[in-house]
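Take a look at the structure set out below.
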Amino acid sequence: MTVDTLIYKSNTVQNITLKYLVYLPADYESSKGNYPLTLFLHGVGERGNNLDDLKRHGIPKCIESGKEFPFIVIAPQCPEGVWWSYRDYVFSLTALTRMIIKKYRVDSDRVYGTGLSMGGFGVLAMAIQDPDLFSAIVPICGGADINKLQRLSNLPIWLFHGLKDDVCPVESSILIYKILKKVNLNIKLKVYDNLEHDSWTKTYENNDVYEWLMSHTK
C-alpha cells in the first residue's frame, strides 16, 4: 500500500485534508484494463495522523497480512475530533472517491463502499448524499439518518451487525433494513448472534462478502 493526500476545499469550512492509503492489485502495472474500486472507512479508534493505525482492522488489516484483492482499495483517515458522517466530510469523501476514479484505471460501473462503526455511518451518509456514487455498499455496525433512506431504494446493500453490540445497538441496522426492504429488493442483513461491537473481523475475512460486492454493476 502507498500513501497519498487529498486537500478538499470546502465551501463552508476551512479546507479539509485527507490522507489515505492506496492498494493496487498485483497485476495493475502489467495490465491495461480497468479495475473495480472499493472505498474503506475506518472506525473512531483509528482517527488521527498515523496511517498505520488503519491497518488494525478491516480491509487494510487483511492486505497487511498478505491477502490480495482483485480491486483497487482507498482507505482515508479521519482527523481527530470529527466524524465521517459530518456533512463536509461526506462531501470530501465523495470528492476523494471521484478523484481516484479519474486518477487510476477504475471501472466507474463497479465502485463500492464499506466501513465499520463510524465508517458504517460514513458510507451510508455518502450513499444518501450521492445515490449514484456506489454500485453496492457493505455498512458494518453503523447507522443512518432514517428520514433520507428512501434515496437508497435502488442501491444493493448488505448490512452486518453483532446482536450483543453495546456501542452501536443492533437495532440501528435492523431499522434500516425494515424501512428499506419495502422498496429495495437488494438489501440484506446479517446479524451475528454471539458478537458484540466487533462484527467487522468476521465480515472482512469472509470471501463471500467481496464476491457479493463484485457481482454488482451500475
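FYI, nothing fancy with the C-alpha cells labels: chains A, B, ... in order, residues from 1 per chain, ligands from 1 as they appear.
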Distance query Tyr86 (chain A) at most 12 Å, only C-alpha atoms, self and fewer than 2 positions along chain excluded, as a VMD selection string: chain A and resid 13 16 78 to 79 81 to 84 88 to 93 118 to 119 121 to 126 129 144 to 145
In region 26-75 of chain A, DSSP alpha helix (DSSP H) residues written as a PyMOL selection string: chain A and resi 58-64
Dump as a compact mmCIF listing (two decimals), in the first residue's frame, selection limited to C-alpha atoms:
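Saved result, again.txt, follows:
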# COMPACT_ATOMS: atom_id res chain seq x y z
CA GLY A 58 -10.83 -4.25 8.12
CA ILE A 59 -9.55 -4.41 4.58
CA PRO A 60 -6.19 -2.68 5.35
CA LYS A 61 -5.55 -5.33 8.03
CA CYS A 62 -6.30 -8.08 5.51
CA ILE A 63 -3.90 -6.52 2.99
CA GLU A 64 -1.19 -6.08 5.64
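In terms of minimum interatomic distance to Lys19 (chain A), A:Leu51 ranks closest within A:Leu51, A:Asp107, A:Leu152, A:Glu46, counting only C-alpha atoms.
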Strand (DSSP E) residues, from DSSP on the backbone, in region 26-137 of chain A, as a ChimeraX atom specification: /A:35-41,72-76,106-116,136-137
Residue subset to file, keeping C-alpha atoms, as a compact mmCIF listing (two decimals), in the first residue's frame:
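Saved to selection.txt:
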# COMPACT_ATOMS: atom_id res chain seq x y z
CA TYR A 35 -10.42 -2.33 -12.08
CA PRO A 36 -13.22 -2.16 -9.54
CA LEU A 37 -12.69 0.31 -6.69
CA THR A 38 -13.57 -0.16 -3.01
CA LEU A 39 -13.59 2.70 -0.50
CA PHE A 40 -12.94 1.55 3.08
CA LEU A 41 -13.86 3.78 6.03
CA ILE A 72 -8.26 -1.05 -6.02
CA VAL A 73 -8.70 -0.01 -2.38
CA ILE A 74 -8.59 3.50 -0.93
CA ALA A 75 -8.61 3.93 2.84
CA PRO A 76 -8.65 7.55 4.07
CA VAL A 106 -11.16 2.44 -12.40
CA ASP A 107 -14.24 0.78 -13.84
CA SER A 108 -16.75 3.51 -12.97
CA ASP A 109 -19.58 0.98 -13.08
CA ARG A 110 -18.02 -1.02 -10.25
CA VAL A 111 -17.39 1.36 -7.34
CA TYR A 112 -18.09 0.00 -3.87
CA GLY A 113 -18.17 1.36 -0.34
CA THR A 114 -17.75 -0.28 3.04
CA GLY A 115 -16.98 0.81 6.57
CA LEU A 116 -17.09 -0.27 10.19
CA ALA A 136 -23.13 -1.56 -3.81
CA ILE A 137 -22.23 -0.97 -0.16
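Atom pair CA of His197 (chain A) / CA of Pro139 (chain A) has a distance of 13.1 Å (rounded to one decimal).
From CA of Gly143 (chain A) back to CA of Ser172 (chain A), the distance works out to 5.4 Å.
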Closest of A:Val44, A:Ile174, A:Val138, A:Ala127 to Thr203 (chain A) - atom-to-atom distances counting only C-alpha atoms: A:Val138
